[in-house]
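See below for the structure under consideration.
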Amino acid sequence: MVDQFQGLDPAAFRSALARFPSGVTIVTTRSASDTLHGFTASSFAALSLDPPLVLVCLDRGADCSPVFMAAERFIVNIVTHAHAELAIKFATKGENKFAYGAFEFDERGHPLLPDAAAVIRCELEQAVPGGDHVILIGRVHDARTGSGKPVTWYRGDFLHLGESAA
């Protein structure tokens with residue numbers, strides 16, 4: 001089959017996607033070698049209520065990609081305004097990401113943000129290839145909400161709920 005989009009301008013595609021506001025998450029895990037790993041994701045969604053499943057998309061080129069594809073569990077932290085700088089750190093390669101946040105740890109030692117808008121603890125159900133990303137499907141084992149309002153990512157910047165988009 002011939003790729004019907006071979007003339008697609010990558011910059012135009014990226015710009016079009018930036019017009020879709022999305023939530024911001026910091027996804028964390030602890031590797032088999034006991035090292036903490038995490039990344040920022042705006043591609044996160046509920047997949048199923050029964051069974052309870054969520055999905056999050058991870059760039060295959062991310063340093064932590066092999067760790068997450070092999071992880072038994074991961075945590076999705078829904079970011080508030082207070083975590084905006086931390087989300088930028090978790091989106092940057094080579095950063096000592098866990099040096100900046102006030103993380104707590106669950107009973108299995110997985111890092112979570114206690115003041116997140118929500119914390120969703122998952123068991124990795126499946127990792128599905130999707131172009132230059134992998135779709136991590138997690139079976140939700142625990143979910144709790146916090147009092148903070150989540151932020152959205154829109155046109156390359158954070159947008160706070162109730163704020164007008166330019």
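Ligands are numbered from 1 in the order shown, chains are lettered A, B, ... in the order of the structure tokens, and residues start at 1 in each chain.
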
Helix (DSSP H, G or I) positions in stretch 56-136 of chain A, given as a list in words:
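Helix (DSSP H, G or I) assignments inside stretch 56-136 of chain A correspond to Ser65, Pro66, Val67, Phe68, Met69, Ala70, His81, Ala82, His83, Ala84, Glu85, Leu86, Ala87, Ile88, Lys89, Phe90, Lys97, Phe98 and Ala99 of chain A.
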
Using only C-alpha atoms, which residues sit within 12 Å of stretch 55-59 of chain A once same-chain residues fewer than 6 positions away are excluded, as an mmCIF file with all heavy atoms, in the first residue's frame?
```cif
data_model
loop_
_atom_site.group_PDB
_atom_site.id
_atom_site.type_symbol
_atom_site.label_atom_id
_atom_site.label_comp_id
_atom_site.auth_asym_id
_atom_site.auth_seq_id
_atom_site.Cartn_x
_atom_site.Cartn_y
_atom_site.Cartn_z
ATOM 1 N N GLY A 23 -4.393 16.934 28.683
ATOM 2 C CA GLY A 23 -3.901 16.911 30.050
ATOM 3 C C GLY A 23 -2.416 16.604 30.073
ATOM 4 O O GLY A 23 -1.826 16.205 29.068
ATOM 5 N N VAL A 24 -1.805 16.794 31.215
ATOM 6 C CA VAL A 24 -0.377 16.551 31.380
ATOM 7 C C VAL A 24 -0.193 15.571 32.530
ATOM 8 O O VAL A 24 -0.775 15.745 33.603
ATOM 9 C CB VAL A 24 0.391 17.859 31.669
ATOM 10 C CG1 VAL A 24 1.881 17.596 31.795
ATOM 11 C CG2 VAL A 24 0.116 18.895 30.587
ATOM 12 N N THR A 25 0.611 14.547 32.284
ATOM 13 C CA THR A 25 0.890 13.553 33.315
ATOM 14 C C THR A 25 2.390 13.359 33.470
ATOM 15 O O THR A 25 3.161 13.603 32.531
ATOM 16 C CB THR A 25 0.262 12.182 32.966
ATOM 17 O OG1 THR A 25 0.887 11.660 31.792
ATOM 18 C CG2 THR A 25 -1.235 12.301 32.748
ATOM 19 N N ILE A 26 2.786 12.933 34.644
ATOM 20 C CA ILE A 26 4.137 12.431 34.880
ATOM 21 C C ILE A 26 3.957 10.969 35.233
ATOM 22 O O ILE A 26 3.256 10.630 36.188
ATOM 23 C CB ILE A 26 4.856 13.196 36.001
ATOM 24 C CG1 ILE A 26 5.118 14.648 35.568
ATOM 25 C CG2 ILE A 26 6.168 12.506 36.370
ATOM 26 C CD1 ILE A 26 5.728 15.525 36.649
ATOM 27 N N VAL A 27 4.566 10.107 34.423
ATOM 28 C CA VAL A 27 4.428 8.663 34.592
ATOM 29 C C VAL A 27 5.727 8.140 35.187
ATOM 30 O O VAL A 27 6.817 8.476 34.709
ATOM 31 C CB VAL A 27 4.121 7.985 33.236
ATOM 32 C CG1 VAL A 27 3.871 6.501 33.416
ATOM 33 C CG2 VAL A 27 2.932 8.664 32.557
ATOM 34 N N THR A 28 5.621 7.333 36.237
ATOM 35 C CA THR A 28 6.804 6.881 36.971
ATOM 36 C C THR A 28 6.787 5.368 37.185
ATOM 37 O O THR A 28 5.732 4.733 37.167
ATOM 38 C CB THR A 28 6.887 7.571 38.345
ATOM 39 O OG1 THR A 28 5.714 7.239 39.104
ATOM 40 C CG2 THR A 28 7.003 9.083 38.209
ATOM 41 N N GLY A 38 11.000 7.970 34.832
ATOM 42 C CA GLY A 38 9.754 8.680 34.582
ATOM 43 C C GLY A 38 9.809 9.503 33.315
ATOM 44 O O GLY A 38 10.875 9.779 32.776
ATOM 45 N N PHE A 39 8.633 9.891 32.852
ATOM 46 C CA PHE A 39 8.519 10.735 31.668
ATOM 47 C C PHE A 39 7.233 11.549 31.756
ATOM 48 O O PHE A 39 6.314 11.206 32.494
ATOM 49 C CB PHE A 39 8.551 9.899 30.381
ATOM 50 C CG PHE A 39 7.395 8.949 30.195
ATOM 51 C CD1 PHE A 39 6.293 9.310 29.412
ATOM 52 C CD2 PHE A 39 7.400 7.688 30.790
ATOM 53 C CE1 PHE A 39 5.231 8.429 29.236
ATOM 54 C CE2 PHE A 39 6.344 6.806 30.603
ATOM 55 C CZ PHE A 39 5.253 7.176 29.827
ATOM 56 N N THR A 40 7.190 12.626 31.007
ATOM 57 C CA THR A 40 5.996 13.452 30.899
ATOM 58 C C THR A 40 5.215 13.000 29.679
ATOM 59 O O THR A 40 5.805 12.760 28.620
ATOM 60 C CB THR A 40 6.377 14.941 30.756
ATOM 61 O OG1 THR A 40 7.056 15.336 31.945
ATOM 62 C CG2 THR A 40 5.152 15.810 30.560
ATOM 63 N N ALA A 41 3.902 12.870 29.829
ATOM 64 C CA ALA A 41 3.059 12.464 28.702
ATOM 65 C C ALA A 41 1.786 13.297 28.675
ATOM 66 O O ALA A 41 1.156 13.511 29.709
ATOM 67 C CB ALA A 41 2.697 10.983 28.816
ATOM 68 N N SER A 42 1.442 13.750 27.491
ATOM 69 C CA SER A 42 0.145 14.396 27.307
ATOM 70 C C SER A 42 -0.806 13.467 26.559
ATOM 71 O O SER A 42 -1.986 13.755 26.451
ATOM 72 C CB SER A 42 0.296 15.729 26.572
ATOM 73 O OG SER A 42 0.911 15.537 25.328
ATOM 74 N N SER A 43 -0.273 12.357 26.066
ATOM 75 C CA SER A 43 -1.115 11.350 25.413
ATOM 76 C C SER A 43 -1.502 10.305 26.454
ATOM 77 O O SER A 43 -0.834 9.287 26.619
ATOM 78 C CB SER A 43 -0.373 10.697 24.246
ATOM 79 O OG SER A 43 -0.113 11.645 23.252
ATOM 80 N N PHE A 44 -2.573 10.589 27.160
ATOM 81 C CA PHE A 44 -3.082 9.736 28.223
ATOM 82 C C PHE A 44 -4.595 9.705 28.097
ATOM 83 O O PHE A 44 -5.216 10.722 27.787
ATOM 84 C CB PHE A 44 -2.691 10.297 29.594
ATOM 85 C CG PHE A 44 -3.444 9.691 30.738
ATOM 86 C CD1 PHE A 44 -3.134 8.428 31.189
ATOM 87 C CD2 PHE A 44 -4.484 10.379 31.344
ATOM 88 C CE1 PHE A 44 -3.847 7.851 32.242
ATOM 89 C CE2 PHE A 44 -5.196 9.824 32.391
ATOM 90 C CZ PHE A 44 -4.872 8.548 32.839
ATOM 91 N N ALA A 45 -5.196 8.534 28.306
ATOM 92 C CA ALA A 45 -6.659 8.449 28.201
ATOM 93 C C ALA A 45 -7.175 7.230 28.951
ATOM 94 O O ALA A 45 -6.455 6.254 29.158
ATOM 95 C CB ALA A 45 -7.081 8.341 26.730
ATOM 96 N N ALA A 46 -8.448 7.323 29.326
ATOM 97 C CA ALA A 46 -9.148 6.149 29.840
ATOM 98 C C ALA A 46 -9.414 5.243 28.651
ATOM 99 O O ALA A 46 -9.760 5.712 27.572
ATOM 100 C CB ALA A 46 -10.459 6.573 30.493
ATOM 101 N N LEU A 47 -9.250 3.949 28.833
ATOM 102 C CA LEU A 47 -9.484 2.993 27.761
ATOM 103 C C LEU A 47 -10.728 2.161 28.028
ATOM 104 O O LEU A 47 -11.508 1.895 27.125
ATOM 105 C CB LEU A 47 -8.255 2.089 27.596
ATOM 106 C CG LEU A 47 -8.312 1.008 26.539
ATOM 107 C CD1 LEU A 47 -8.525 1.614 25.149
ATOM 108 C CD2 LEU A 47 -7.021 0.191 26.557
ATOM 109 N N SER A 48 -10.926 1.766 29.294
ATOM 110 C CA SER A 48 -12.051 0.893 29.627
ATOM 111 C C SER A 48 -12.408 1.061 31.100
ATOM 112 O O SER A 48 -11.525 1.248 31.935
ATOM 113 C CB SER A 48 -11.650 -0.559 29.346
ATOM 114 O OG SER A 48 -12.589 -1.472 29.849
ATOM 115 N N SER A 65 12.294 4.168 27.781
ATOM 116 C CA SER A 65 11.362 3.321 27.030
ATOM 117 C C SER A 65 11.535 1.821 27.316
ATOM 118 O O SER A 65 10.550 1.137 27.617
ATOM 119 C CB SER A 65 11.489 3.605 25.530
ATOM 120 O OG SER A 65 10.597 2.818 24.792
ATOM 121 N N PRO A 66 12.752 1.276 27.275
ATOM 122 C CA PRO A 66 12.896 -0.157 27.565
ATOM 123 C C PRO A 66 12.459 -0.529 28.988
ATOM 124 O O PRO A 66 11.903 -1.597 29.209
ATOM 125 C CB PRO A 66 14.395 -0.430 27.381
ATOM 126 C CG PRO A 66 14.921 0.718 26.596
ATOM 127 C CD PRO A 66 14.016 1.880 26.883
ATOM 128 N N VAL A 67 12.693 0.372 29.932
ATOM 129 C CA VAL A 67 12.319 0.118 31.328
ATOM 130 C C VAL A 67 10.807 0.008 31.456
ATOM 131 O O VAL A 67 10.290 -0.915 32.087
ATOM 132 C CB VAL A 67 12.868 1.221 32.264
ATOM 133 C CG1 VAL A 67 12.323 1.066 33.673
ATOM 134 C CG2 VAL A 67 14.380 1.203 32.267
ATOM 135 N N PHE A 68 10.077 0.942 30.843
ATOM 136 C CA PHE A 68 8.617 0.928 30.947
ATOM 137 C C PHE A 68 8.005 -0.253 30.204
ATOM 138 O O PHE A 68 7.005 -0.808 30.653
ATOM 139 C CB PHE A 68 8.022 2.255 30.467
ATOM 140 C CG PHE A 68 7.993 3.291 31.548
ATOM 141 C CD1 PHE A 68 9.059 4.152 31.722
ATOM 142 C CD2 PHE A 68 6.920 3.376 32.414
ATOM 143 C CE1 PHE A 68 9.051 5.102 32.733
ATOM 144 C CE2 PHE A 68 6.893 4.310 33.431
ATOM 145 C CZ PHE A 68 7.967 5.179 33.598
ATOM 146 N N MET A 69 8.600 -0.643 29.093
ATOM 147 C CA MET A 69 8.050 -1.793 28.359
ATOM 148 C C MET A 69 8.255 -3.093 29.139
ATOM 149 O O MET A 69 7.500 -4.045 28.952
ATOM 150 C CB MET A 69 8.642 -1.869 26.959
ATOM 151 C CG MET A 69 8.101 -0.754 26.076
ATOM 152 S SD MET A 69 8.385 -0.968 24.324
ATOM 153 C CE MET A 69 10.134 -0.833 24.202
ATOM 154 N N PHE A 74 3.342 0.782 36.841
ATOM 155 C CA PHE A 74 3.677 2.182 36.657
ATOM 156 C C PHE A 74 2.587 3.037 37.288
ATOM 157 O O PHE A 74 1.491 2.557 37.557
ATOM 158 C CB PHE A 74 3.904 2.548 35.182
ATOM 159 C CG PHE A 74 2.719 2.368 34.276
ATOM 160 C CD1 PHE A 74 1.810 3.402 34.061
ATOM 161 C CD2 PHE A 74 2.526 1.168 33.593
ATOM 162 C CE1 PHE A 74 0.734 3.238 33.202
ATOM 163 C CE2 PHE A 74 1.458 0.995 32.734
ATOM 164 C CZ PHE A 74 0.554 2.033 32.541
ATOM 165 N N ILE A 75 2.924 4.300 37.528
ATOM 166 C CA ILE A 75 1.997 5.231 38.157
ATOM 167 C C ILE A 75 1.815 6.439 37.246
ATOM 168 O O ILE A 75 2.797 7.003 36.750
ATOM 169 C CB ILE A 75 2.508 5.669 39.544
ATOM 170 C CG1 ILE A 75 2.564 4.460 40.479
ATOM 171 C CG2 ILE A 75 1.622 6.776 40.124
ATOM 172 C CD1 ILE A 75 3.103 4.745 41.863
ATOM 173 N N VAL A 76 0.568 6.832 37.046
ATOM 174 C CA VAL A 76 0.242 8.039 36.286
ATOM 175 C C VAL A 76 -0.146 9.110 37.297
ATOM 176 O O VAL A 76 -1.101 8.942 38.057
ATOM 177 C CB VAL A 76 -0.917 7.789 35.292
ATOM 178 C CG1 VAL A 76 -1.251 9.081 34.545
ATOM 179 C CG2 VAL A 76 -0.575 6.661 34.322
ATOM 180 N N ASN A 77 0.611 10.201 37.300
ATOM 181 C CA ASN A 77 0.353 11.349 38.169
ATOM 182 C C ASN A 77 -0.209 12.468 37.296
ATOM 183 O O ASN A 77 0.480 12.927 36.370
ATOM 184 C CB ASN A 77 1.651 11.834 38.817
ATOM 185 C CG ASN A 77 2.310 10.774 39.672
ATOM 186 O OD1 ASN A 77 1.949 10.597 40.820
ATOM 187 N ND2 ASN A 77 3.288 10.069 39.113
ATOM 188 N N ILE A 78 -1.429 12.904 37.546
ATOM 189 C CA ILE A 78 -2.019 13.979 36.768
ATOM 190 C C ILE A 78 -1.547 15.309 37.359
ATOM 191 O O ILE A 78 -1.769 15.607 38.531
ATOM 192 C CB ILE A 78 -3.552 13.866 36.722
ATOM 193 C CG1 ILE A 78 -3.920 12.550 36.021
ATOM 194 C CG2 ILE A 78 -4.162 15.077 36.002
ATOM 195 C CD1 ILE A 78 -5.399 12.272 35.930
ATOM 196 N N ALA A 91 10.271 15.817 30.861
ATOM 197 C CA ALA A 91 10.219 15.754 29.399
ATOM 198 C C ALA A 91 11.604 15.952 28.781
ATOM 199 O O ALA A 91 11.757 15.880 27.568
ATOM 200 C CB ALA A 91 9.258 16.809 28.859
ATOM 201 N N LYS A 93 15.609 14.912 28.283
ATOM 202 C CA LYS A 93 16.575 13.810 28.394
ATOM 203 C C LYS A 93 17.759 14.223 29.255
ATOM 204 O O LYS A 93 18.162 15.388 29.255
ATOM 205 C CB LYS A 93 17.092 13.413 27.008
ATOM 206 C CG LYS A 93 16.136 12.580 26.223
ATOM 207 C CD LYS A 93 16.801 12.035 24.980
ATOM 208 C CE LYS A 93 15.838 11.097 24.298
ATOM 209 N NZ LYS A 93 16.502 10.210 23.373
ATOM 210 N N ILE A 120 -2.903 7.442 39.659
ATOM 211 C CA ILE A 120 -3.497 6.202 39.156
ATOM 212 C C ILE A 120 -2.404 5.141 39.103
ATOM 213 O O ILE A 120 -1.445 5.272 38.333
ATOM 214 C CB ILE A 120 -4.128 6.428 37.766
ATOM 215 C CG1 ILE A 120 -5.172 7.548 37.854
ATOM 216 C CG2 ILE A 120 -4.728 5.141 37.228
ATOM 217 C CD1 ILE A 120 -5.633 8.070 36.520
ATOM 218 N N CYS A 122 -1.051 1.460 38.227
ATOM 219 C CA CYS A 122 -1.385 0.482 37.191
ATOM 220 C C CYS A 122 -0.406 -0.683 37.158
ATOM 221 O O CYS A 122 0.769 -0.536 37.486
ATOM 222 C CB CYS A 122 -1.331 1.144 35.811
ATOM 223 S SG CYS A 122 -2.354 2.597 35.623
ATOM 224 N N GLU A 123 -0.917 -1.795 36.670
ATOM 225 C CA GLU A 123 -0.096 -2.940 36.300
ATOM 226 C C GLU A 123 -0.042 -2.932 34.776
ATOM 227 O O GLU A 123 -1.071 -2.751 34.116
ATOM 228 C CB GLU A 123 -0.743 -4.222 36.799
ATOM 229 C CG GLU A 123 0.043 -5.471 36.472
ATOM 230 C CD GLU A 123 -0.635 -6.714 37.031
ATOM 231 O OE1 GLU A 123 -1.197 -6.641 38.139
ATOM 232 O OE2 GLU A 123 -0.607 -7.733 36.325
ATOM 233 N N LEU A 124 1.159 -3.110 34.216
ATOM 234 C CA LEU A 124 1.286 -3.111 32.758
ATOM 235 C C LEU A 124 0.551 -4.311 32.184
ATOM 236 O O LEU A 124 0.891 -5.453 32.453
ATOM 237 C CB LEU A 124 2.749 -3.130 32.322
ATOM 238 C CG LEU A 124 2.990 -3.095 30.818
ATOM 239 C CD1 LEU A 124 2.446 -1.811 30.195
ATOM 240 C CD2 LEU A 124 4.470 -3.254 30.511
ATOM 241 N N GLU A 125 -0.488 -4.040 31.424
ATOM 242 C CA GLU A 125 -1.299 -5.068 30.782
ATOM 243 C C GLU A 125 -0.711 -5.443 29.429
ATOM 244 O O GLU A 125 -0.655 -6.613 29.062
ATOM 245 C CB GLU A 125 -2.727 -4.533 30.615
ATOM 246 C CG GLU A 125 -3.699 -5.483 29.999
ATOM 247 C CD GLU A 125 -4.436 -6.320 31.025
ATOM 248 O OE1 GLU A 125 -4.207 -6.189 32.238
ATOM 249 O OE2 GLU A 125 -5.247 -7.133 30.573
ATOM 250 N N GLN A 126 -0.272 -4.411 28.681
ATOM 251 C CA GLN A 126 0.208 -4.650 27.327
ATOM 252 C C GLN A 126 0.987 -3.428 26.848
ATOM 253 O O GLN A 126 0.668 -2.298 27.218
ATOM 254 C CB GLN A 126 -0.989 -4.895 26.413
ATOM 255 C CG GLN A 126 -0.665 -5.425 25.063
ATOM 256 C CD GLN A 126 -1.944 -5.768 24.273
ATOM 257 O OE1 GLN A 126 -3.059 -5.554 24.730
ATOM 258 N NE2 GLN A 126 -1.764 -6.300 23.099
ATOM 259 N N ALA A 127 2.002 -3.647 26.024
ATOM 260 C CA ALA A 127 2.738 -2.577 25.348
ATOM 261 C C ALA A 127 2.550 -2.801 23.853
ATOM 262 O O ALA A 127 2.932 -3.847 23.321
ATOM 263 C CB ALA A 127 4.217 -2.613 25.720
ATOM 264 N N VAL A 128 1.927 -1.833 23.186
ATOM 265 C CA VAL A 128 1.559 -1.977 21.778
ATOM 266 C C VAL A 128 2.351 -0.974 20.944
ATOM 267 O O VAL A 128 2.295 0.235 21.223
ATOM 268 C CB VAL A 128 0.043 -1.725 21.585
ATOM 269 C CG1 VAL A 128 -0.353 -1.869 20.131
ATOM 270 C CG2 VAL A 128 -0.774 -2.648 22.481
ATOM 271 N N PRO A 129 3.090 -1.432 19.926
ATOM 272 C CA PRO A 129 3.815 -0.495 19.067
ATOM 273 C C PRO A 129 2.839 0.441 18.358
ATOM 274 O O PRO A 129 1.762 0.031 17.936
ATOM 275 C CB PRO A 129 4.522 -1.397 18.054
ATOM 276 C CG PRO A 129 4.465 -2.774 18.618
ATOM 277 C CD PRO A 129 3.275 -2.824 19.524
ATOM 278 N N GLY A 130 3.243 1.697 18.222
ATOM 279 C CA GLY A 130 2.438 2.686 17.513
ATOM 280 C C GLY A 130 3.339 3.724 16.867
ATOM 281 O O GLY A 130 3.556 4.786 17.438
ATOM 282 N N GLY A 131 3.906 3.405 15.713
ATOM 283 C CA GLY A 131 4.809 4.339 15.034
ATOM 284 C C GLY A 131 6.056 4.574 15.854
ATOM 285 O O GLY A 131 6.714 3.629 16.291
ATOM 286 N N ASP A 132 6.363 5.853 16.109
ATOM 287 C CA ASP A 132 7.562 6.169 16.888
ATOM 288 C C ASP A 132 7.299 6.145 18.395
ATOM 289 O O ASP A 132 8.144 6.524 19.185
ATOM 290 C CB ASP A 132 8.159 7.508 16.460
ATOM 291 C CG ASP A 132 7.203 8.689 16.606
ATOM 292 O OD1 ASP A 132 6.059 8.493 17.075
ATOM 293 O OD2 ASP A 132 7.594 9.810 16.243
ATOM 294 N N HIS A 133 6.108 5.687 18.785
ATOM 295 C CA HIS A 133 5.738 5.573 20.192
ATOM 296 C C HIS A 133 5.327 4.137 20.518
ATOM 297 O O HIS A 133 5.125 3.326 19.625
ATOM 298 C CB HIS A 133 4.573 6.515 20.530
ATOM 299 C CG HIS A 133 5.015 7.932 20.729
ATOM 300 N ND1 HIS A 133 5.570 8.688 19.724
ATOM 301 C CD2 HIS A 133 4.991 8.727 21.829
ATOM 302 C CE1 HIS A 133 5.864 9.882 20.191
ATOM 303 N NE2 HIS A 133 5.523 9.930 21.468
ATOM 304 N N VAL A 134 5.206 3.866 21.789
ATOM 305 C CA VAL A 134 4.629 2.618 22.261
ATOM 306 C C VAL A 134 3.453 3.004 23.159
ATOM 307 O O VAL A 134 3.531 3.981 23.911
ATOM 308 C CB VAL A 134 5.661 1.731 23.007
ATOM 309 C CG1 VAL A 134 6.206 2.413 24.242
ATOM 310 C CG2 VAL A 134 5.083 0.381 23.347
ATOM 311 N N ILE A 135 2.359 2.276 23.025
ATOM 312 C CA ILE A 135 1.161 2.537 23.821
ATOM 313 C C ILE A 135 1.202 1.587 25.009
ATOM 314 O O ILE A 135 1.131 0.363 24.837
ATOM 315 C CB ILE A 135 -0.110 2.312 22.991
ATOM 316 C CG1 ILE A 135 -0.084 3.193 21.742
ATOM 317 C CG2 ILE A 135 -1.353 2.579 23.835
ATOM 318 C CD1 ILE A 135 -1.020 2.729 20.642
ATOM 319 N N LEU A 136 1.344 2.148 26.194
ATOM 320 C CA LEU A 136 1.353 1.348 27.416
ATOM 321 C C LEU A 136 -0.078 1.263 27.923
ATOM 322 O O LEU A 136 -0.691 2.290 28.225
ATOM 323 C CB LEU A 136 2.251 1.981 28.469
ATOM 324 C CG LEU A 136 3.712 2.213 28.081
ATOM 325 C CD1 LEU A 136 4.423 2.988 29.180
ATOM 326 C CD2 LEU A 136 4.408 0.900 27.787
ATOM 327 N N ILE A 137 -0.609 0.071 28.005
ATOM 328 C CA ILE A 137 -1.953 -0.141 28.526
ATOM 329 C C ILE A 137 -1.812 -0.648 29.956
ATOM 330 O O ILE A 137 -1.143 -1.654 30.200
ATOM 331 C CB ILE A 137 -2.749 -1.137 27.669
ATOM 332 C CG1 ILE A 137 -2.895 -0.576 26.245
ATOM 333 C CG2 ILE A 137 -4.114 -1.426 28.294
ATOM 334 C CD1 ILE A 137 -3.516 -1.538 25.256
ATOM 335 N N GLY A 138 -2.410 0.080 30.875
ATOM 336 C CA GLY A 138 -2.299 -0.278 32.283
ATOM 337 C C GLY A 138 -3.639 -0.658 32.875
ATOM 338 O O GLY A 138 -4.643 0.004 32.645
ATOM 339 N N ARG A 139 -3.634 -1.766 33.635
ATOM 340 C CA ARG A 139 -4.817 -2.161 34.404
ATOM 341 C C ARG A 139 -4.754 -1.412 35.724
ATOM 342 O O ARG A 139 -3.790 -1.543 36.480
ATOM 343 C CB ARG A 139 -4.843 -3.658 34.641
ATOM 344 C CG ARG A 139 -6.089 -4.113 35.412
ATOM 345 C CD ARG A 139 -6.109 -5.607 35.610
ATOM 346 N NE ARG A 139 -6.307 -6.299 34.365
ATOM 347 C CZ ARG A 139 -7.484 -6.763 33.924
ATOM 348 N NH1 ARG A 139 -8.558 -6.606 34.665
ATOM 349 N NH2 ARG A 139 -7.576 -7.385 32.779
ATOM 350 N N VAL A 140 -5.766 -0.618 35.986
ATOM 351 C CA VAL A 140 -5.766 0.238 37.170
ATOM 352 C C VAL A 140 -6.072 -0.588 38.418
ATOM 353 O O VAL A 140 -7.051 -1.317 38.472
ATOM 354 C CB VAL A 140 -6.794 1.384 37.007
ATOM 355 C CG1 VAL A 140 -6.832 2.249 38.260
ATOM 356 C CG2 VAL A 140 -6.463 2.213 35.771
#
```

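Atom CA of A:Ala116 is found 25.2 Å from atom CA of A:Ala32.
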
Those in stretch 81-145 of chain A with strand (DSSP E or B) from DSSP, as number ranges by chain
A: 104-105, 111-112, 118-130, 133-145

Mind giving me the straight-line distance from atom CA of A:Val79 to atom CA of A:Ala118 in Å, one decimal?
7.8 Å

Which residues come within 12 Å of A:Ser33, counting only C-alpha atoms, excluding same-chain residues fewer than 2 positions away, as JSON, numbers by chain?
{"A": [29, 30, 31, 35, 36, 37, 67, 70, 71]}

Residues just named, written with all heavy atoms as a compact mmCIF listing (two decimals), in the first residue's frame:
```txt
# COMPACT_ATOMS: atom_id res chain seq x y z
N THR A 29 7.98 4.84 37.39
CA THR A 29 8.12 3.42 37.75
C THR A 29 9.46 3.22 38.45
O THR A 29 10.28 4.14 38.52
CB THR A 29 8.00 2.50 36.52
OG1 THR A 29 7.80 1.15 36.97
CG2 THR A 29 9.23 2.56 35.63
N ARG A 30 9.65 2.03 38.95
CA ARG A 30 10.92 1.59 39.53
C ARG A 30 11.34 0.36 38.75
O ARG A 30 10.57 -0.58 38.62
CB ARG A 30 10.76 1.27 41.01
CG ARG A 30 12.07 0.85 41.69
CD ARG A 30 11.87 0.57 43.16
NE ARG A 30 11.58 1.75 43.95
CZ ARG A 30 12.51 2.56 44.47
NH1 ARG A 30 13.78 2.32 44.27
NH2 ARG A 30 12.15 3.60 45.19
N SER A 31 12.56 0.36 38.23
CA SER A 31 13.03 -0.76 37.40
C SER A 31 13.37 -1.97 38.26
O SER A 31 13.45 -1.89 39.48
CB SER A 31 14.27 -0.34 36.61
OG SER A 31 15.38 -0.21 37.47
N THR A 35 16.05 1.26 40.08
CA THR A 35 16.28 2.63 39.66
C THR A 35 14.95 3.30 39.32
O THR A 35 14.08 2.67 38.71
CB THR A 35 17.19 2.66 38.41
OG1 THR A 35 18.36 1.90 38.67
CG2 THR A 35 17.58 4.07 38.05
N LEU A 36 14.79 4.57 39.70
CA LEU A 36 13.58 5.31 39.40
C LEU A 36 13.62 5.85 37.97
O LEU A 36 14.66 6.31 37.51
CB LEU A 36 13.42 6.48 40.37
CG LEU A 36 13.36 6.13 41.85
CD1 LEU A 36 13.24 7.39 42.69
CD2 LEU A 36 12.21 5.18 42.13
N HIS A 37 12.48 5.80 37.28
CA HIS A 37 12.37 6.29 35.91
C HIS A 37 11.04 7.01 35.76
O HIS A 37 10.06 6.68 36.44
CB HIS A 37 12.43 5.13 34.91
CG HIS A 37 13.74 4.43 34.91
ND1 HIS A 37 14.79 4.83 34.13
CD2 HIS A 37 14.17 3.36 35.62
CE1 HIS A 37 15.83 4.02 34.35
NE2 HIS A 37 15.47 3.12 35.26
N VAL A 67 12.69 0.37 29.93
CA VAL A 67 12.32 0.12 31.33
C VAL A 67 10.81 0.01 31.46
O VAL A 67 10.29 -0.92 32.09
CB VAL A 67 12.87 1.22 32.26
CG1 VAL A 67 12.32 1.07 33.67
CG2 VAL A 67 14.38 1.20 32.27
N ALA A 70 9.24 -3.11 30.03
CA ALA A 70 9.50 -4.29 30.84
C ALA A 70 8.92 -4.18 32.25
O ALA A 70 8.93 -5.15 33.01
CB ALA A 70 11.01 -4.52 30.94
N ALA A 71 8.38 -3.02 32.59
CA ALA A 71 7.90 -2.78 33.96
C ALA A 71 6.67 -3.62 34.27
O ALA A 71 5.84 -3.87 33.40
CB ALA A 71 7.57 -1.30 34.14
```

Who sits within 12 Å of A:Ala102, only C-alpha atoms, same chain under 5 positions skipped, as a PyMOL selection string
chain A and resi 82-83+86+97+111-116

Could you write out the selected residues, including C-alpha atoms, as a short mmCIF file (atom, residue, chain, number, x, y, z; two decimals), in the first residue's frame?
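Generated output (part_3.cif):
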```
data_model
loop_
_atom_site.label_atom_id
_atom_site.label_comp_id
_atom_site.auth_asym_id
_atom_site.auth_seq_id
_atom_site.Cartn_x
_atom_site.Cartn_y
_atom_site.Cartn_z
CA ALA A 82 2.45 23.42 40.91
CA HIS A 83 4.09 20.64 38.86
CA LEU A 86 8.66 19.36 37.11
CA LYS A 97 14.30 14.02 37.21
CA PRO A 111 7.30 7.07 43.13
CA LEU A 112 4.14 9.16 43.20
CA LEU A 113 3.29 12.84 43.61
CA PRO A 114 1.19 13.16 46.78
CA ASP A 115 -0.23 16.54 45.71
CA ALA A 116 -1.15 15.51 42.14
#
```

Would you mind reading off the distance between atom CA of A:Phe90 and atom CA of A:Phe158, one decimal, in Å?
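Interatomic distance here is 14.6 Å.
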
Would you kindly return, as number ranges by chain, each protein, DNA or RNA residue with an atom no farther than 6 Å from any atom of A:Trp153, considering only C-alpha atoms and excluding same-chain residues fewer than 6 positions away?
A: 21-22, 159

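Nearest to A:Asp34 of all the residues A:His141, A:Glu72, A:Gly109, A:Ala117 is A:Gly109, based on only C-alpha atoms.
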